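Written below as structure tokens is the structure these notes are about.
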Amino acid sequence: MTATPVVDVRGLSKRFGALLAVDDVSFTILRGEVFGLLGPNGSGKTTAIRMLCGLMTPSAGSASVAGADVAREPDAVKARIGYMSQAFGLYRDLTVNENLAFYGGVYELGARRPERAAWARQAMRLTEFGDRLAGVLSGGQRQRLALACAMIHAPRVVFLDEPTAGVDPAARRLFWTILRERAAEGVTMIVTTHYMDEAERFDRLVFLSRGRVKAQGTPAEVKRQFGEGMSLEDIFVSLQEHEA
Ligand SMILES: Nc1ncnc2c1ncn2[C@@H]1O[C@H](COP(=O)(O)OP(=O)(O)O)[C@@H](O)[C@H]1O
Ligand SMILES: [Mg+2]
């Protein structure tokens, strides 16, 4: 069996004036992988994700996501992916069910809407909270609702930008269980985080610094590339100092 990458990034760059925010980045991701995009603040993670979601045009290079080219077919990319942004994009004055119905409408699910909403409540452990306003949910519940909305249309690839920021450890652990379940179903997950204890959980990852790839591979491979005895936390801190 040949493993065709679901995400194929080749020499991707994004320039903002004098700043090369993403600089000649290449990597591939396989179906069902939970893939980490790591690096200090300002290293280019969000910019890379925006390009891979078809939301921002690359300055150079190319990328295909779920079989569509991000620059030439951004609408096809948007239809095949889910995007959970740093801001979550929930309506706090709508209930859990109303948020799910709203996103089901955005993705034009039509008659599939109730079935997909039921799936999402079950998959994201929200069955008890359907009638609760998003604004009164705990951080962990809100995070799971954001993932539910991002996956309501059964995307093949999901991008999660700092999904666990500000969420307590127990909720983070449940969130990771849910990510693993979805990956086992064949959904590919691309996740940014600055929690290095979570980074050990990725199947593979890339470390960015100043827009460039500094290392990539499994957590064990990345640690070997940086030297004997280096933890992912040590690597992160050394890149952070380089960035400053
Ligand atoms: N729209 C933009 N215009 C100009 N500069 C930007 C824009 N978006 C991001 N940047 C800059 O690009 C760099 C990378 O930002 P970003 O991708 O948000 O990094 P990260 O998500 O890793 O924190 C930063 O220096 C940031 O200030
Ligand atoms: Mg960011």
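Letters A, B, ... go to the chains of the structure tokens in the order shown; residues in each chain start at 1; ligands are counted from 1 in the same order.
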
Please provide the set of residues having any atom within 6 Å of Asp23 in chain A, restricted to only C-alpha atoms, with same-chain residues fewer than 6 positions apart removed, written as number ranges by chain. A: 13, 211-212

Residue selection dump (N, CA and C atoms) as a compact mmCIF listing (two decimals), in the first residue's frame:
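Just written: again_33.txt:
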```
# COMPACT_ATOMS: atom_id res chain seq x y z
N SER A 13 6.20 29.64 1.71
CA SER A 13 6.68 30.88 2.32
C SER A 13 5.56 31.91 2.36
N GLY A 211 10.06 31.23 11.40
CA GLY A 211 9.46 30.81 10.15
C GLY A 211 10.13 29.63 9.47
N ARG A 212 11.24 29.16 10.02
CA ARG A 212 11.96 28.05 9.38
C ARG A 212 11.81 26.76 10.17
```

Which residues are near ligand 2 - at most 7 Å, using only C-alpha atoms and all ligand atoms? Format: as a ChimeraX atom specification. /A:41-42,45-46,161

Compile the contact shell of range 138-152 of chain A as JSON, numbers by chain: residues with an atom at most 10 Å away, counting only C-alpha atoms, same-chain residues fewer than 6 positions apart removed. {"A": [81, 82, 83, 84, 85, 87, 88, 89, 90, 92, 96, 97, 99, 100, 101, 102, 103, 104, 105, 106, 107, 109, 112, 113, 115, 116, 117, 118, 119, 120, 121, 122, 123, 124, 125, 126, 129, 158, 159, 160, 163, 164, 165, 166, 167, 168, 169, 170, 171, 172, 173, 174, 175, 178, 179, 182, 187]}

Would you list, as a PDB file with N, CA and C atoms, in the first residue's frame, the residues of range 59-100 of chain A that end up in strand (DSSP E or B) under DSSP run on this structure's backbone?
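Written out: part25.pdb:
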```
ATOM      1  N   ALA A  60       5.249  32.074  -1.835  1.00  0.00           N
ATOM      2  CA  ALA A  60       6.027  31.143  -2.656  1.00  0.00           C
ATOM      3  C   ALA A  60       5.778  29.733  -2.161  1.00  0.00           C
ATOM      4  N   GLY A  61       6.115  28.772  -3.015  1.00  0.00           N
ATOM      5  CA  GLY A  61       5.926  27.374  -2.650  1.00  0.00           C
ATOM      6  C   GLY A  61       4.504  26.924  -2.905  1.00  0.00           C
ATOM      7  N   SER A  62       4.208  25.690  -2.512  1.00  0.00           N
ATOM      8  CA  SER A  62       2.872  25.155  -2.742  1.00  0.00           C
ATOM      9  C   SER A  62       2.508  24.184  -1.631  1.00  0.00           C
ATOM     10  N   ALA A  63       1.213  23.899  -1.550  1.00  0.00           N
ATOM     11  CA  ALA A  63       0.750  22.909  -0.580  1.00  0.00           C
ATOM     12  C   ALA A  63      -0.553  22.313  -1.079  1.00  0.00           C
ATOM     13  N   SER A  64      -0.700  21.012  -0.902  1.00  0.00           N
ATOM     14  CA  SER A  64      -1.995  20.407  -1.162  1.00  0.00           C
ATOM     15  C   SER A  64      -2.514  19.816   0.140  1.00  0.00           C
ATOM     16  N   VAL A  65      -3.831  19.965   0.331  1.00  0.00           N
ATOM     17  CA  VAL A  65      -4.500  19.505   1.545  1.00  0.00           C
ATOM     18  C   VAL A  65      -5.736  18.727   1.116  1.00  0.00           C
ATOM     19  N   ALA A  68      -6.494  18.954  -2.605  1.00  0.00           N
ATOM     20  CA  ALA A  68      -6.724  20.234  -3.279  1.00  0.00           C
ATOM     21  C   ALA A  68      -5.530  21.175  -3.033  1.00  0.00           C
ATOM     22  N   ASP A  69      -5.222  21.972  -4.045  1.00  0.00           N
ATOM     23  CA  ASP A  69      -4.107  22.915  -3.958  1.00  0.00           C
ATOM     24  C   ASP A  69      -4.570  24.183  -3.227  1.00  0.00           C
ATOM     25  N   ILE A  81     -11.786  20.649   5.026  1.00  0.00           N
ATOM     26  CA  ILE A  81     -11.067  20.747   6.297  1.00  0.00           C
ATOM     27  C   ILE A  81     -11.964  21.342   7.374  1.00  0.00           C
ATOM     28  N   GLY A  82     -11.522  21.156   8.613  1.00  0.00           N
ATOM     29  CA  GLY A  82     -12.098  21.874   9.739  1.00  0.00           C
ATOM     30  C   GLY A  82     -11.022  22.762  10.328  1.00  0.00           C
ATOM     31  N   TYR A  83     -11.440  23.895  10.872  1.00  0.00           N
ATOM     32  CA  TYR A  83     -10.461  24.835  11.427  1.00  0.00           C
ATOM     33  C   TYR A  83     -10.962  25.300  12.779  1.00  0.00           C
ATOM     34  N   MET A  84     -10.193  24.992  13.798  1.00  0.00           N
ATOM     35  CA  MET A  84     -10.511  25.471  15.143  1.00  0.00           C
ATOM     36  C   MET A  84      -9.494  26.552  15.469  1.00  0.00           C
ATOM     37  N   THR A  95     -26.982  28.379  22.520  1.00  0.00           N
ATOM     38  CA  THR A  95     -26.726  27.138  23.246  1.00  0.00           C
ATOM     39  C   THR A  95     -25.791  26.244  22.430  1.00  0.00           C
TER      40      THR A  95
END
```

If you count only C-alpha atoms and all ligand atoms, which residues end up within 10 Å of ligand 1, as a VMD selection string? chain A and resid 14 to 22 37 to 50 56 86 161 to 162 192 to 194 208 to 211

May I have all residues of range 11-237 of chain A that DSSP, computed from the backbone, assigns to alpha helix (DSSP H), given as a ChimeraX atom specification? /A:45-52,74-80,96-106,113-123,139-150,169-184,196-199,219-226,232-237

Requested write-out: C-alpha atoms of the selected residues, as a JSON list (two decimals), in the first residue's frame:
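Okay, this is what ended up in result-v8.json:
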```
[["chain", "number", "residue", "atom", "x", "y", "z"],
["A", 45, "LYS", "CA", 2.54, 28.63, 13.17],
["A", 46, "THR", "CA", -0.72, 30.52, 12.66],
["A", 47, "THR", "CA", 0.44, 31.95, 9.34],
["A", 48, "ALA", "CA", 1.32, 28.45, 8.11],
["A", 49, "ILE", "CA", -2.08, 27.12, 9.21],
["A", 50, "ARG", "CA", -3.93, 30.01, 7.52],
["A", 51, "MET", "CA", -2.23, 29.17, 4.23],
["A", 52, "LEU", "CA", -2.97, 25.45, 4.62],
["A", 74, "PRO", "CA", -8.95, 27.36, -1.77],
["A", 75, "ASP", "CA", -12.72, 26.72, -1.78],
["A", 76, "ALA", "CA", -12.22, 22.98, -2.20],
["A", 77, "VAL", "CA", -9.71, 23.05, 0.66],
["A", 78, "LYS", "CA", -12.14, 24.95, 2.92],
["A", 79, "ALA", "CA", -14.90, 22.41, 2.25],
["A", 80, "ARG", "CA", -12.67, 19.43, 3.13],
["A", 96, "VAL", "CA", -24.56, 24.15, 22.39],
["A", 97, "ASN", "CA", -27.31, 22.82, 20.10],
["A", 98, "GLU", "CA", -27.81, 26.20, 18.44],
["A", 99, "ASN", "CA", -24.07, 26.54, 17.77],
["A", 100, "LEU", "CA", -24.06, 23.07, 16.18],
["A", 101, "ALA", "CA", -27.13, 23.93, 14.09],
["A", 102, "PHE", "CA", -25.53, 27.21, 13.02],
["A", 103, "TYR", "CA", -22.34, 25.53, 11.81],
["A", 104, "GLY", "CA", -24.38, 22.75, 10.19],
["A", 105, "GLY", "CA", -26.07, 25.53, 8.21],
["A", 106, "VAL", "CA", -22.77, 27.19, 7.28],
["A", 113, "ARG", "CA", -27.86, 18.32, 10.24],
["A", 114, "PRO", "CA", -29.57, 16.49, 13.15],
["A", 115, "GLU", "CA", -27.57, 13.31, 12.61],
["A", 116, "ARG", "CA", -24.26, 15.21, 12.47],
["A", 117, "ALA", "CA", -25.19, 17.26, 15.56],
["A", 118, "ALA", "CA", -25.98, 14.05, 17.46],
["A", 119, "TRP", "CA", -22.65, 12.58, 16.37],
["A", 120, "ALA", "CA", -20.81, 15.72, 17.48],
["A", 121, "ARG", "CA", -22.48, 15.80, 20.93],
["A", 122, "GLN", "CA", -21.59, 12.15, 21.47],
["A", 123, "ALA", "CA", -18.05, 12.31, 20.08],
["A", 139, "GLY", "CA", -13.14, 26.18, 29.31],
["A", 140, "GLY", "CA", -12.89, 22.48, 28.51],
["A", 141, "GLN", "CA", -16.53, 22.20, 27.41],
["A", 142, "ARG", "CA", -16.15, 25.28, 25.22],
["A", 143, "GLN", "CA", -13.03, 23.78, 23.66],
["A", 144, "ARG", "CA", -14.90, 20.54, 22.90],
["A", 145, "LEU", "CA", -17.83, 22.50, 21.42],
["A", 146, "ALA", "CA", -15.38, 24.38, 19.19],
["A", 147, "LEU", "CA", -14.01, 21.05, 17.94],
["A", 148, "ALA", "CA", -17.58, 19.77, 17.45],
["A", 149, "CYS", "CA", -18.38, 22.80, 15.27],
["A", 150, "ALA", "CA", -15.11, 22.42, 13.35],
["A", 169, "PRO", "CA", -5.13, 19.57, 32.88],
["A", 170, "ALA", "CA", -8.08, 17.16, 33.27],
["A", 171, "ALA", "CA", -9.92, 18.80, 30.36],
["A", 172, "ARG", "CA", -6.72, 18.74, 28.28],
["A", 173, "ARG", "CA", -6.38, 15.02, 28.92],
["A", 174, "LEU", "CA", -9.99, 14.38, 27.80],
["A", 175, "PHE", "CA", -9.43, 16.54, 24.74],
["A", 176, "TRP", "CA", -6.41, 14.43, 23.76],
["A", 177, "THR", "CA", -8.47, 11.24, 24.20],
["A", 178, "ILE", "CA", -11.02, 12.70, 21.79],
["A", 179, "LEU", "CA", -8.33, 13.73, 19.27],
["A", 180, "ARG", "CA", -6.93, 10.19, 19.34],
["A", 181, "GLU", "CA", -10.39, 8.69, 18.77],
["A", 182, "ARG", "CA", -10.98, 10.90, 15.73],
["A", 183, "ALA", "CA", -7.51, 10.12, 14.36],
["A", 184, "ALA", "CA", -8.23, 6.39, 14.74],
["A", 196, "MET", "CA", 5.66, 20.72, 25.66],
["A", 197, "ASP", "CA", 4.24, 17.92, 27.83],
["A", 198, "GLU", "CA", 1.59, 17.56, 25.09],
["A", 199, "ALA", "CA", 4.22, 17.55, 22.35],
["A", 219, "PRO", "CA", 9.36, 13.17, 19.21],
["A", 220, "ALA", "CA", 12.25, 10.70, 19.66],
["A", 221, "GLU", "CA", 13.81, 11.63, 16.30],
["A", 222, "VAL", "CA", 13.52, 15.35, 17.02],
["A", 223, "LYS", "CA", 15.20, 14.93, 20.39],
["A", 224, "ARG", "CA", 18.04, 12.97, 18.77],
["A", 225, "GLN", "CA", 18.52, 15.72, 16.15],
["A", 226, "PHE", "CA", 19.06, 18.27, 18.92],
["A", 232, "LEU", "CA", 11.22, 18.82, 23.85],
["A", 233, "GLU", "CA", 10.92, 21.46, 26.58],
["A", 234, "ASP", "CA", 14.72, 22.11, 26.39],
["A", 235, "ILE", "CA", 14.48, 22.43, 22.59],
["A", 236, "PHE", "CA", 11.52, 24.81, 22.87],
["A", 237, "VAL", "CA", 13.35, 27.03, 25.37]]
```

In Å to one decimal, how far is CA of Ser59 in chain A from CA of Asp203 in chain A?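 Taking CA of Asp203 in chain A and CA of Ser59 in chain A, their separation equals 28.9 Å.
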
To one decimal place in Å, what is the distance between CA of Phe207 in chain A and CA of Ala3 in chain A? 23.2 Å

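Minimum atom-to-atom distances from A:Leu137, A:Val191, A:Val6, A:Val25 to Asp93 in chain A were compared using only C-alpha atoms, and the lowest value belongs to A:Leu137.
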